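This is model-v6.pdb. It holds PDB, C-alpha atoms.
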```pdb
MODEL        1
ATOM      1  CA  MET B   1       0.000   0.000   0.000
ATOM      2  CA  GLY B   2       2.884   2.315   0.614
ATOM      3  CA  ARG B   3       4.581   1.853  -2.698
ATOM      4  CA  LYS B   4       5.751   4.687  -4.897
ATOM      5  CA  PRO B   5       4.078   5.249  -8.260
ATOM      6  CA  SER B   6       7.167   4.174 -10.153
ATOM      7  CA  GLU B   7       7.137   0.874  -8.301
ATOM      8  CA  LEU B   8       3.550   0.078  -9.121
ATOM      9  CA  VAL B   9       4.138  -1.904 -12.245
ATOM     10  CA  HIS B  10       6.761  -4.459 -11.341
ATOM     11  CA  ASN B  11       6.601  -4.983  -7.624
ATOM     12  CA  ARG B  12       4.007  -7.748  -7.634
ATOM     13  CA  ARG B  13       5.936  -9.992  -9.936
ATOM     14  CA  GLU B  14       9.251  -9.415  -8.226
ATOM     15  CA  GLY B  15       7.719  -9.844  -4.815
ATOM     16  CA  THR B  16       6.014 -13.132  -5.559
ATOM     17  CA  LYS B  17       8.404 -14.634  -8.033
ATOM     18  CA  ASN B  18       8.808 -18.308  -7.427
ATOM     19  CA  PRO B  19      11.950 -19.547  -9.126
ATOM     20  CA  GLU B  20      11.022 -23.181  -8.705
ATOM     21  CA  ASN B  21       7.645 -22.665 -10.375
ATOM     22  CA  ALA B  22       6.048 -24.653  -7.546
ATOM     23  CA  LEU B  23       2.402 -25.613  -7.737
ATOM     24  CA  ALA B  24       0.026 -23.668  -5.569
ATOM     25  CA  THR B  25      -0.671 -25.356  -2.283
ATOM     26  CA  SER B  26      -4.038 -25.068  -0.624
ATOM     27  CA  SER B  27      -2.721 -22.469   1.796
ATOM     28  CA  GLU B  28      -1.161 -20.442  -1.037
ATOM     29  CA  LEU B  29      -4.428 -20.424  -2.926
ATOM     30  CA  SER B  30      -6.250 -19.500   0.273
ATOM     31  CA  SER B  31      -3.856 -16.625   0.962
ATOM     32  CA  PHE B  32      -4.138 -15.389  -2.595
ATOM     33  CA  LEU B  33      -7.933 -15.425  -2.541
ATOM     34  CA  ALA B  34      -8.055 -13.757   0.873
ATOM     35  CA  GLU B  35      -5.744 -11.038  -0.381
ATOM     36  CA  VAL B  36      -7.608 -10.375  -3.615
ATOM     37  CA  GLU B  37     -11.251 -11.017  -2.722
ATOM     38  CA  ARG B  38     -12.187  -7.526  -1.508
ATOM     39  CA  ARG B  39     -10.642  -5.819  -4.496
ATOM     40  CA  ALA B  40     -12.338  -8.331  -6.750
ATOM     41  CA  PHE B  41     -15.644  -7.565  -5.057
ATOM     42  CA  LYS B  42     -15.145  -3.830  -5.524
ATOM     43  CA  GLN B  43     -14.163  -4.336  -9.155
ATOM     44  CA  ALA B  44     -17.345  -6.279  -9.729
ATOM     45  CA  VAL B  45     -19.411  -3.653  -7.889
ATOM     46  CA  PHE B  46     -17.904  -0.893 -10.039
ATOM     47  CA  ALA B  47     -18.959  -2.847 -13.102
ATOM     48  CA  VAL B  48     -22.403  -4.215 -12.173
ATOM     49  CA  ARG B  49     -23.398  -1.757  -9.395
ATOM     50  CA  ASP B  50     -25.077  -4.445  -7.348
ATOM     51  CA  ASP B  51     -23.578  -6.043  -4.241
ATOM     52  CA  ASP B  52     -25.360  -9.369  -4.554
ATOM     53  CA  ALA B  53     -24.526  -9.750  -8.221
ATOM     54  CA  ALA B  54     -20.929  -8.741  -7.484
ATOM     55  CA  LEU B  55     -20.677 -11.365  -4.749
ATOM     56  CA  ASP B  56     -22.038 -14.005  -7.108
ATOM     57  CA  ILE B  57     -19.477 -12.991  -9.719
ATOM     58  CA  VAL B  58     -16.573 -13.163  -7.266
ATOM     59  CA  GLN B  59     -17.747 -16.498  -5.893
ATOM     60  CA  ASP B  60     -18.062 -17.855  -9.400
ATOM     61  CA  ALA B  61     -14.563 -16.622 -10.268
ATOM     62  CA  MET B  62     -13.071 -18.141  -7.111
ATOM     63  CA  MET B  63     -14.774 -21.451  -7.816
ATOM     64  CA  ARG B  64     -13.581 -21.548 -11.409
ATOM     65  CA  LEU B  65     -10.028 -20.687 -10.391
ATOM     66  CA  ALA B  66      -9.929 -23.398  -7.720
ATOM     67  CA  GLU B  67     -11.602 -26.073  -9.812
ATOM     68  CA  LYS B  68      -9.820 -25.514 -13.084
ATOM     69  CA  TYR B  69      -6.524 -23.937 -12.135
ATOM     70  CA  GLY B  70      -6.001 -25.006  -8.520
ATOM     71  CA  ASP B  71      -3.044 -27.099  -9.631
ATOM     72  CA  ARG B  72      -1.206 -24.255 -11.355
ATOM     73  CA  PRO B  73       1.910 -22.532 -10.003
ATOM     74  CA  ALA B  74       1.116 -19.865  -7.427
ATOM     75  CA  GLU B  75       2.674 -17.088  -9.491
ATOM     76  CA  GLU B  76       0.176 -17.704 -12.293
ATOM     77  CA  LEU B  77      -2.840 -17.227 -10.040
ATOM     78  CA  PRO B  78      -3.194 -13.401 -10.236
ATOM     79  CA  LEU B  79      -3.445 -13.252 -14.011
ATOM     80  CA  LEU B  80      -5.624 -16.350 -14.215
ATOM     81  CA  PHE B  81      -7.967 -14.982 -11.563
ATOM     82  CA  GLN B  82      -8.263 -11.605 -13.269
ATOM     83  CA  ARG B  83      -9.032 -13.223 -16.594
ATOM     84  CA  ILE B  84     -11.702 -15.357 -14.978
ATOM     85  CA  LEU B  85     -13.121 -12.399 -13.070
ATOM     86  CA  GLN B  86     -13.355 -10.204 -16.178
ATOM     87  CA  ASN B  87     -15.015 -13.051 -18.076
ATOM     88  CA  ALA B  88     -17.462 -13.565 -15.216
ATOM     89  CA  ILE B  89     -18.368  -9.874 -15.313
ATOM     90  CA  ARG B  90     -18.916 -10.059 -19.075
ATOM     91  CA  ASP B  91     -21.014 -13.219 -18.624
ATOM     92  CA  HIS B  92     -23.126 -11.355 -16.103
ATOM     93  CA  PHE B  93     -23.827  -8.598 -18.608
ATOM     94  CA  ARG B  94     -24.653 -11.126 -21.319
ATOM     95  CA  ARG B  95     -27.133 -12.899 -19.040
ATOM     96  CA  THR B  96     -28.612  -9.580 -17.953
ATOM     97  CA  LYS B  97     -29.005  -8.536 -21.563
ATOM     98  CA  VAL B  98     -30.820 -11.753 -22.460
ATOM     99  CA  ARG B  99     -33.062 -11.489 -19.384
ATOM    100  CA  SER B 100     -33.772  -7.878 -20.153
ATOM    101  CA  PHE B 101     -34.750  -8.780 -23.708
ATOM    102  CA  TRP B 102     -37.287 -11.393 -22.605
ATOM    103  CA  THR B 103     -38.603  -9.213 -19.812
ATOM    104  CA  THR B 104     -39.168  -6.354 -22.219
ATOM    105  CA  LEU B 105     -40.767  -8.694 -24.676
ATOM    106  CA  PHE B 106     -43.265 -10.253 -22.301
ATOM    107  CA  SER B 107     -44.028  -7.520 -19.846
ATOM    108  CA  SER B 108     -44.258  -3.800 -20.189
ATOM    109  CA  PHE B 109     -44.861  -3.548 -16.443
ATOM    110  CA  ALA B 110     -41.481  -4.827 -15.420
ATOM    111  CA  PRO B 111     -39.903  -2.628 -12.768
ATOM    112  CA  ALA B 112     -37.170  -0.430 -14.126
ATOM    113  CA  ASP B 113     -33.615  -1.086 -13.024
ATOM    114  CA  GLU B 114     -32.210   1.141 -10.383
ATOM    115  CA  ASP B 115     -31.160   4.431 -11.874
ATOM    116  CA  PRO B 116     -27.382   4.592 -11.717
ATOM    117  CA  ALA B 117     -27.654   8.317 -11.109
ATOM    118  CA  ASP B 118     -29.415   7.586  -7.824
ATOM    119  CA  PHE B 119     -26.638   5.377  -6.643
ATOM    120  CA  ASP B 120     -24.788   6.941  -3.784
ATOM    121  CA  PRO B 121     -21.536   5.244  -2.791
ATOM    122  CA  LEU B 122     -21.747   6.958   0.573
ATOM    123  CA  GLU B 123     -24.616   4.631   1.402
ATOM    124  CA  THR B 124     -22.340   1.655   1.021
ATOM    125  CA  LEU B 125     -19.860   2.942   3.508
ATOM    126  CA  GLU B 126     -20.248   1.692   7.007
ATOM    127  CA  ALA B 127     -18.406   3.146   9.908
ATOM    128  CA  GLN B 128     -16.072   0.654  11.499
ATOM    129  CA  PRO B 129     -15.825   1.622  15.154
ATOM    130  CA  GLY B 130     -12.286   1.821  16.377
ATOM    131  CA  SER B 131     -10.629   1.442  12.973
ATOM    132  CA  LYS B 132      -9.900   5.141  12.681
ATOM    133  CA  ALA B 133      -9.485   5.956  16.325
ATOM    134  CA  ALA B 134      -6.476   8.130  15.694
ATOM    135  CA  ALA B 135      -8.003  10.131  12.865
ATOM    136  CA  SER B 136     -10.171  13.064  13.578
ATOM    137  CA  ALA B 137     -13.818  12.895  12.628
ATOM    138  CA  GLU B 138     -13.314  15.626  10.070
ATOM    139  CA  ASP B 139     -10.441  13.853   8.385
ATOM    140  CA  GLU B 140     -12.414  10.683   8.252
ATOM    141  CA  VAL B 141     -15.414  12.367   6.707
ATOM    142  CA  ALA B 142     -13.192  14.090   4.158
ATOM    143  CA  GLN B 143     -11.442  10.856   3.300
ATOM    144  CA  ALA B 144     -14.725   9.006   2.988
ATOM    145  CA  ARG B 145     -16.049  11.729   0.728
ATOM    146  CA  THR B 146     -12.987  11.602  -1.535
ATOM    147  CA  MET B 147     -13.090   7.842  -1.572
ATOM    148  CA  ALA B 148     -16.763   7.840  -2.504
ATOM    149  CA  LEU B 149     -16.211  10.419  -5.239
ATOM    150  CA  ILE B 150     -13.342   8.432  -6.704
ATOM    151  CA  GLU B 151     -15.350   5.230  -6.650
ATOM    152  CA  LYS B 152     -18.276   6.998  -8.250
ATOM    153  CA  GLU B 153     -16.080   8.421 -11.014
ATOM    154  CA  ILE B 154     -14.515   5.026 -11.599
ATOM    155  CA  GLN B 155     -17.991   3.590 -12.007
ATOM    156  CA  LYS B 156     -18.726   6.251 -14.615
ATOM    157  CA  LEU B 157     -15.729   5.349 -16.752
ATOM    158  CA  PRO B 158     -16.384   3.399 -19.940
ATOM    159  CA  ALA B 159     -16.146  -0.317 -19.120
ATOM    160  CA  ARG B 160     -12.943  -0.976 -21.048
ATOM    161  CA  GLN B 161     -11.179   2.051 -19.603
ATOM    162  CA  ARG B 162     -12.199   1.081 -16.090
ATOM    163  CA  GLU B 163     -11.122  -2.508 -16.654
ATOM    164  CA  ALA B 164      -7.711  -1.475 -17.989
ATOM    165  CA  PHE B 165      -7.147   1.087 -15.238
ATOM    166  CA  LEU B 166      -8.044  -1.281 -12.410
ATOM    167  CA  LEU B 167      -6.067  -4.219 -13.760
ATOM    168  CA  ARG B 168      -3.022  -2.134 -14.470
ATOM    169  CA  TYR B 169      -2.910   0.166 -11.484
ATOM    170  CA  TRP B 170      -4.865  -1.643  -8.792
ATOM    171  CA  GLU B 171      -4.053  -5.253  -9.544
ATOM    172  CA  ASP B 172      -0.500  -4.466 -10.664
ATOM    173  CA  LEU B 173      -0.678  -6.436 -13.888
ATOM    174  CA  ASP B 174       1.828  -5.247 -16.453
ATOM    175  CA  VAL B 175       0.735  -4.019 -19.879
ATOM    176  CA  ALA B 176       1.104  -7.430 -21.524
ATOM    177  CA  GLU B 177      -0.813  -9.201 -18.773
ATOM    178  CA  THR B 178      -3.560  -6.586 -18.821
ATOM    179  CA  ALA B 179      -3.851  -7.013 -22.572
ATOM    180  CA  GLN B 180      -4.054 -10.757 -22.110
ATOM    181  CA  ALA B 181      -6.726 -10.479 -19.428
ATOM    182  CA  MET B 182      -8.746  -8.050 -21.541
ATOM    183  CA  GLY B 183      -8.222  -9.810 -24.839
ATOM    184  CA  CYS B 184      -6.883  -6.730 -26.612
ATOM    185  CA  SER B 185      -3.583  -5.280 -27.796
ATOM    186  CA  GLU B 186      -1.009  -3.690 -25.528
ATOM    187  CA  GLY B 187      -1.480  -0.432 -27.378
ATOM    188  CA  SER B 188      -5.178  -0.473 -26.515
ATOM    189  CA  VAL B 189      -4.329  -1.033 -22.852
ATOM    190  CA  LYS B 190      -2.053   2.005 -22.820
ATOM    191  CA  THR B 191      -4.694   4.098 -24.533
ATOM    192  CA  HIS B 192      -7.449   2.952 -22.162
ATOM    193  CA  CYS B 193      -5.277   3.596 -19.108
ATOM    194  CA  SER B 194      -4.247   7.026 -20.276
ATOM    195  CA  ARG B 195      -7.799   8.072 -21.084
ATOM    196  CA  ALA B 196      -9.123   6.665 -17.813
ATOM    197  CA  THR B 197      -6.517   8.517 -15.761
ATOM    198  CA  HIS B 198      -7.160  11.735 -17.637
ATOM    199  CA  ALA B 199     -10.941  11.388 -17.251
ATOM    200  CA  LEU B 200     -10.623  10.669 -13.525
ATOM    201  CA  ALA B 201      -8.303  13.610 -12.917
ATOM    202  CA  THR B 202     -10.576  15.976 -14.829
ATOM    203  CA  ALA B 203     -13.797  14.781 -13.194
ATOM    204  CA  LEU B 204     -12.343  14.864  -9.692
ATOM    205  CA  LYS B 205     -10.801  18.270 -10.203
ATOM    206  CA  ALA B 206     -14.213  19.570 -11.253
ATOM    207  CA  LYS B 207     -15.557  18.330  -7.931
ATOM    208  CA  GLY B 208     -12.808  19.951  -5.930
ATOM    209  CA  VAL B 209     -10.685  16.857  -5.384
ATOM    210  CA  ALA B 210      -7.078  17.476  -6.226
ATOM    211  CA  LEU B 211      -4.961  14.405  -6.699
TER     212      LEU B 211
ATOM    213  CA  MET S 212      -0.421  14.296 -19.283
ATOM    214  CA  GLY S 213       3.007  12.673 -19.028
ATOM    215  CA  ASN S 214       3.683   9.132 -17.976
ATOM    216  CA  ASN S 215       4.948  10.181 -14.548
ATOM    217  CA  GLU S 216       1.901  12.342 -13.962
ATOM    218  CA  GLU S 217      -0.344   9.464 -14.993
ATOM    219  CA  LEU S 218       1.425   7.152 -12.555
ATOM    220  CA  ARG S 219       1.189   9.735  -9.782
ATOM    221  CA  ILE S 220      -2.572  10.127 -10.226
ATOM    222  CA  ALA S 221      -2.997   6.361 -10.535
ATOM    223  CA  PHE S 222      -1.110   5.964  -7.268
ATOM    224  CA  GLN S 223      -3.400   8.443  -5.507
ATOM    225  CA  VAL S 224      -6.498   6.741  -6.865
ATOM    226  CA  ARG S 225      -5.119   3.385  -5.877
ATOM    227  CA  HIS S 226      -4.566   4.624  -2.345
ATOM    228  CA  HIS S 227      -8.230   5.606  -2.031
ATOM    229  CA  LEU S 228      -9.397   2.390  -3.670
ATOM    230  CA  ASN S 229      -7.420   0.382  -1.134
ATOM    231  CA  ALA S 230      -8.979   2.408   1.661
ATOM    232  CA  GLY S 231     -12.404   1.695   0.187
ATOM    233  CA  ALA S 232     -11.708  -2.024  -0.106
ATOM    234  CA  ALA S 233     -10.516  -2.106   3.503
ATOM    235  CA  ARG S 234     -13.858  -0.695   4.602
ATOM    236  CA  THR S 235     -15.966  -3.368   2.977
ATOM    237  CA  PRO S 236     -18.916  -4.139   5.265
ATOM    238  CA  ALA S 237     -18.530  -7.068   7.636
ATOM    239  CA  GLN S 238     -21.405  -8.990   6.102
ATOM    240  CA  ILE S 239     -19.757  -8.778   2.685
ATOM    241  CA  ASN S 240     -16.444  -9.933   4.159
ATOM    242  CA  GLU S 241     -18.206 -12.875   5.741
ATOM    243  CA  ARG S 242     -19.828 -13.869   2.478
ATOM    244  CA  LEU S 243     -16.499 -13.530   0.678
ATOM    245  CA  ARG S 244     -14.859 -15.742   3.296
ATOM    246  CA  ALA S 245     -17.570 -18.379   2.865
ATOM    247  CA  ALA S 246     -17.190 -18.238  -0.916
ATOM    248  CA  ARG S 247     -13.426 -18.628  -0.566
ATOM    249  CA  GLU S 248     -13.806 -21.684   1.640
ATOM    250  CA  ARG S 249     -16.258 -23.274  -0.766
ATOM    251  CA  ALA S 250     -13.798 -22.688  -3.598
ATOM    252  CA  LEU S 251     -10.888 -24.116  -1.617
ATOM    253  CA  ALA S 252     -12.894 -27.243  -0.832
ATOM    254  CA  ARG S 253     -13.073 -27.859  -4.566
ATOM    255  CA  GLN S 254      -9.487 -27.022  -5.405
ATOM    256  CA  ARG S 255      -8.161 -29.069  -8.252
ATOM    257  CA  ARG S 256      -5.326 -31.327  -7.169
ATOM    258  CA  PRO S 257      -2.317 -31.809  -9.401
ATOM    259  CA  ALA S 258      -2.647 -35.014 -11.429
ATOM    260  CA  GLY S 259       0.999 -35.921 -11.091
ATOM    261  CA  VAL S 260       1.553 -34.823  -7.527
ATOM    262  CA  LEU S 261       3.525 -37.951  -6.633
ATOM    263  CA  ALA S 262       5.635 -37.876  -9.776
ATOM    264  CA  ALA S 263       6.242 -34.159  -9.435
ATOM    265  CA  ALA S 264       7.130 -34.545  -5.773
ATOM    266  CA  THR S 265       9.532 -37.366  -6.573
ATOM    267  CA  ALA S 266      11.174 -35.407  -9.344
ATOM    268  CA  ALA S 267      11.366 -32.303  -7.198
ATOM    269  CA  GLY S 268      12.774 -34.338  -4.328
ATOM    270  CA  ALA S 269      15.503 -35.666  -6.564
ATOM    271  CA  GLY S 270      16.252 -32.177  -7.743
ATOM    272  CA  TRP S 271      15.161 -32.886 -11.308
ATOM    273  CA  ASN S 272      13.065 -30.733 -13.489
ATOM    274  CA  LEU S 273      12.054 -33.132 -16.250
ATOM    275  CA  GLY S 274       9.909 -30.636 -18.186
ATOM    276  CA  TRP S 275       8.852 -32.018 -21.572
ATOM    277  CA  LEU S 276      11.020 -35.067 -20.986
ATOM    278  CA  GLY S 277       8.700 -36.036 -18.153
ATOM    279  CA  LYS S 278       5.864 -36.310 -20.641
ATOM    280  CA  LEU S 279       7.945 -38.045 -23.301
ATOM    281  CA  VAL S 280       9.334 -40.840 -21.114
ATOM    282  CA  PRO S 281       5.979 -42.472 -20.227
ATOM    283  CA  LEU S 282       4.990 -42.302 -23.895
ATOM    284  CA  LEU S 283       8.264 -43.941 -24.890
ATOM    285  CA  VAL S 284       7.782 -46.704 -22.307
ATOM    286  CA  LEU S 285       4.267 -47.318 -23.624
ATOM    287  CA  VAL S 286       5.451 -47.589 -27.240
ATOM    288  CA  LEU S 287       8.298 -49.914 -26.283
ATOM    289  CA  GLY S 288       5.906 -52.056 -24.244
ATOM    290  CA  LEU S 289       3.472 -52.376 -27.131
ATOM    291  CA  GLY S 290       6.372 -53.255 -29.456
ATOM    292  CA  ALA S 291       7.565 -55.950 -27.064
ATOM    293  CA  ILE S 292       4.079 -57.468 -26.814
ATOM    294  CA  HIS S 293       3.792 -57.522 -30.606
ATOM    295  CA  PHE S 294       7.199 -59.161 -30.980
ATOM    296  CA  TRP S 295       6.352 -61.803 -28.352
ATOM    297  CA  HIS S 296       3.044 -62.567 -30.065
ATOM    298  CA  GLN S 297       4.741 -63.008 -33.447
ATOM    299  CA  ALA S 298       7.360 -65.293 -31.915
ATOM    300  CA  GLU S 299       4.658 -67.423 -30.262
ATOM    301  CA  GLN S 300       2.839 -67.856 -33.567
ATOM    302  CA  ALA S 301       6.065 -68.805 -35.336
ATOM    303  CA  ASN S 302       6.831 -71.367 -32.610
ATOM    304  CA  ASN S 303       3.367 -72.909 -32.908
ATOM    305  CA  ILE S 304       3.657 -73.236 -36.663
ATOM    306  CA  ALA S 305       7.143 -74.646 -36.281
ATOM    307  CA  ASP S 306       5.849 -77.259 -33.798
ATOM    308  CA  ILE S 307       3.137 -78.369 -36.202
ATOM    309  CA  ASP S 308       5.588 -78.525 -39.075
ATOM    310  CA  MET S 309       7.963 -80.510 -36.893
ATOM    311  CA  GLN S 310       5.288 -83.041 -35.949
ATOM    312  CA  MET S 311       4.138 -83.380 -39.546
ATOM    313  CA  LEU S 312       7.689 -83.821 -40.809
ATOM    314  CA  ALA S 313       8.390 -86.327 -38.065
ATOM    315  CA  ASP S 314       5.304 -88.180 -39.257
ATOM    316  CA  GLU S 315       3.912 -88.430 -35.768
ATOM    317  CA  LEU S 316       0.381 -87.705 -37.019
ATOM    318  CA  PRO S 317      -1.737 -90.475 -38.564
ATOM    319  CA  PRO S 318      -2.939 -89.600 -42.114
ATOM    320  CA  ASN S 319      -6.579 -89.810 -41.009
ATOM    321  CA  VAL S 320      -6.118 -86.795 -38.870
ATOM    322  CA  TYR S 321      -6.213 -84.618 -41.998
ATOM    323  CA  LEU S 322      -9.779 -85.745 -42.606
ATOM    324  CA  ASP S 323     -10.815 -84.383 -39.202
ATOM    325  CA  LYS S 324     -12.641 -81.045 -39.612
ATOM    326  CA  GLY S 325     -11.760 -79.993 -36.099
ATOM    327  CA  PHE S 326      -8.097 -80.478 -36.768
ATOM    328  CA  GLY S 327      -8.449 -78.420 -39.984
ATOM    329  CA  ALA S 328     -10.084 -75.613 -38.027
ATOM    330  CA  TRP S 329      -7.404 -75.805 -35.363
ATOM    331  CA  LEU S 330      -4.717 -75.541 -38.013
ATOM    332  CA  THR S 331      -6.489 -72.524 -39.551
ATOM    333  CA  ARG S 332      -6.759 -70.747 -36.205
ATOM    334  CA  GLY S 333      -3.280 -71.807 -35.250
ATOM    335  CA  GLU S 334      -4.336 -72.444 -31.649
ATOM    336  CA  PRO S 335      -2.188 -74.719 -29.538
ATOM    337  CA  GLY S 336      -3.503 -77.069 -26.896
ATOM    338  CA  ARG S 337      -5.569 -79.744 -28.641
ATOM    339  CA  GLN S 338      -3.887 -83.091 -28.165
ATOM    340  CA  ASP S 339      -6.381 -85.437 -29.869
TER     341      ASP S 339
ENDMDL
END
```

Here is a file; write its structure as structure tokens.
Amino acid sequence: MGRKPSELVHNRREGTKNPENALATSSELSSFLAEVERRAFKQAVFAVRDDDAALDIVQDAMMRLAEKYGDRPAEELPLLFQRILQNAIRDHFRRTKVRSFWTTLFSSFAPADEDPADFDPLETLEAQPGSKAAASAEDEVAQARTMALIEKEIQKLPARQREAFLLRYWEDLDVAETAQAMGCSEGSVKTHCSRATHALATALKAKGVAL
Amino acid sequence: MGNNEELRIAFQVRHHLNAGAARTPAQINERLRAARERALARQRRPAGVLAAATAAGAGWNLGWLGKLVPLLVLVLGLGAIHFWHQAEQANNIADIDMQMLADELPPNVYLDKGFGAWLTRGEPGRQD
């Protein structure tokens, strides 16, 4: 968490490099999933904007990773998991699209989906008593506000930009790995990341958040 | 926006995202933990755990050779079985020829249909 920007890209691979290419043990897989599960959940929430659906997606991704790739070397797990997670998110949208088609076809009284504009990330934040004992209430409120604004702006990004940005800068995949996980060229990854960063900086600046 | 500036902003965003992930509600964390345990219970086990462990224990990294050797053993085994089968057939025919040349069979035996069938199949064992 305390890494410098210039260290973002390569630290994960150097830090977890396993020269013997050993297969992932149960405890290694467990540690990996425990480390990545919250970020995976947030990634899914940013994409589908629904906690329950996001949990289903993450559970599905974990299950697929364990069942199909549980015997792979531990160092391969991050990329494999991200590929599975992104596919699970896309599957979710495909299923939703099909359901939406049939619902529209058979019923004009179907309840409309929740308006994304009404979504308030602040509602998802729960105070954790004691976790910020040292911080002042004002600081905590300010931090929560910034955090919520950032999450909201990330949700607003085009899907591919958000995907590239999160994989590259939150999950520490390098450009090639991000391209592999997204199924696109490395050039596209760089373009998506650059546009996403620019869009975030502009949107946040407009709301008084200086990064 | 330069590359360094992009990385700097990404780092700031990442910092806030990590803070957000750390504040995931307890009920979500619990459901994630349960999902993780269900996944771990179904973890795929390596097919060649024993072989891999043995090779690793011996300090060998067989790589593609590890896949080639069993295949080679299988091919050699099949070849050996084929060779043995051919040799058996040749021995049987040689025995019959030997008996016929030694005139140990009465001429009437050639009128026996069963003997004819036995000769055609080349099966040993009938001692009529």

How far is it from CA of Lys156 (chain B) to CA of Arg244 (chain S), in Å with one decimal?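 Atom-to-atom, CA of Lys156 (chain B) and CA of Arg244 (chain S) are spaced 28.6 Å apart.
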
Please report, as JSON lines, each residue of chain B lying at most 6 Å from chain S, together with the nearest pair of atoms and the separation in Å rounded to one decimal; use all atoms listed in the file, and order rows by chain and ascending residue number.
```
{"residue": "B:Pro5", "atom": "CA", "partner": "S:Phe222", "partner_atom": "CA", "distance": 5.3}
{"residue": "B:Arg38", "atom": "CA", "partner": "S:Ala232", "partner_atom": "CA", "distance": 5.7}
{"residue": "B:Arg39", "atom": "CA", "partner": "S:Ala232", "partner_atom": "CA", "distance": 5.9}
{"residue": "B:Gln59", "atom": "CA", "partner": "S:Ala246", "partner_atom": "CA", "distance": 5.3}
{"residue": "B:Met62", "atom": "CA", "partner": "S:Ala250", "partner_atom": "CA", "distance": 5.8}
{"residue": "B:Met63", "atom": "CA", "partner": "S:Ala250", "partner_atom": "CA", "distance": 4.5}
{"residue": "B:Ala66", "atom": "CA", "partner": "S:Gln254", "partner_atom": "CA", "distance": 4.3}
{"residue": "B:Glu67", "atom": "CA", "partner": "S:Arg255", "partner_atom": "CA", "distance": 4.8}
{"residue": "B:Gly70", "atom": "CA", "partner": "S:Arg255", "partner_atom": "CA", "distance": 4.6}
{"residue": "B:Asp71", "atom": "CA", "partner": "S:Pro257", "partner_atom": "CA", "distance": 4.8}
{"residue": "B:Met147", "atom": "CA", "partner": "S:His227", "partner_atom": "CA", "distance": 5.4}
{"residue": "B:Trp170", "atom": "CA", "partner": "S:Arg225", "partner_atom": "CA", "distance": 5.8}
```

Export C-alpha atoms of the chosen residues as a PDB file, in the coordinates of the input?
```
ATOM      1  CA  PRO B   5       4.078   5.249  -8.260  1.00  0.00           C
ATOM      2  CA  ARG B  38     -12.187  -7.526  -1.508  1.00  0.00           C
ATOM      3  CA  ARG B  39     -10.642  -5.819  -4.496  1.00  0.00           C
ATOM      4  CA  GLN B  59     -17.747 -16.498  -5.893  1.00  0.00           C
ATOM      5  CA  MET B  62     -13.071 -18.141  -7.111  1.00  0.00           C
ATOM      6  CA  MET B  63     -14.774 -21.451  -7.816  1.00  0.00           C
ATOM      7  CA  ALA B  66      -9.929 -23.398  -7.720  1.00  0.00           C
ATOM      8  CA  GLU B  67     -11.602 -26.073  -9.812  1.00  0.00           C
ATOM      9  CA  GLY B  70      -6.001 -25.006  -8.520  1.00  0.00           C
ATOM     10  CA  ASP B  71      -3.044 -27.099  -9.631  1.00  0.00           C
ATOM     11  CA  MET B 147     -13.090   7.842  -1.572  1.00  0.00           C
ATOM     12  CA  TRP B 170      -4.865  -1.643  -8.792  1.00  0.00           C
TER      13      TRP B 170
END
```

Starting from the shown file, work through the PyMOL selection byres ((chain B and resi 157-165) around 9) and note down what comes out as a compact mmCIF listing (two decimals) with C-alpha atoms, keeping the file's coordinate frame.
```txt
# COMPACT_ATOMS: atom_id res chain seq x y z
CA GLN B 43 -14.16 -4.34 -9.15
CA PHE B 46 -17.90 -0.89 -10.04
CA ALA B 47 -18.96 -2.85 -13.10
CA GLN B 86 -13.36 -10.20 -16.18
CA GLU B 153 -16.08 8.42 -11.01
CA ILE B 154 -14.52 5.03 -11.60
CA GLN B 155 -17.99 3.59 -12.01
CA LYS B 156 -18.73 6.25 -14.62
CA LEU B 166 -8.04 -1.28 -12.41
CA LEU B 167 -6.07 -4.22 -13.76
CA ARG B 168 -3.02 -2.13 -14.47
CA TYR B 169 -2.91 0.17 -11.48
CA TRP B 170 -4.86 -1.64 -8.79
CA THR B 178 -3.56 -6.59 -18.82
CA ALA B 179 -3.85 -7.01 -22.57
CA MET B 182 -8.75 -8.05 -21.54
CA SER B 188 -5.18 -0.47 -26.52
CA VAL B 189 -4.33 -1.03 -22.85
CA LYS B 190 -2.05 2.00 -22.82
CA THR B 191 -4.69 4.10 -24.53
CA HIS B 192 -7.45 2.95 -22.16
CA CYS B 193 -5.28 3.60 -19.11
CA SER B 194 -4.25 7.03 -20.28
CA ARG B 195 -7.80 8.07 -21.08
CA ALA B 196 -9.12 6.66 -17.81
CA THR B 197 -6.52 8.52 -15.76
CA ALA B 199 -10.94 11.39 -17.25
CA LEU B 200 -10.62 10.67 -13.52
CA ALA S 221 -3.00 6.36 -10.54
```

Interatomic distance (Å, one decimal) between CA of Val48 (chain B) and CA of Leu65 (chain B):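 Pair CA of Val48 (chain B) / CA of Leu65 (chain B) returns 20.7 Å.
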
Quick one: what's the axis-aligned box for region 280-296 of chain S, all listed atoms, 3 Å on every side, centre and edges in Å to one decimal, as JSON?
```
{"center_x": 6.2, "center_y": -51.7, "center_z": -25.6, "size_x": 12.3, "size_y": 27.7, "size_z": 16.8}
```

When you draw a straight line from CA of Val58 (chain B) to CA of Thr104 (chain B), how long is it in Å?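 Pair CA of Val58 (chain B) / CA of Thr104 (chain B) returns 27.9 Å.
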
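Closest approach to Phe41 (chain B) among B:Asp174, B:Ala61, B:Thr146, B:Ser136: B:Ala61, based on only C-alpha atoms.
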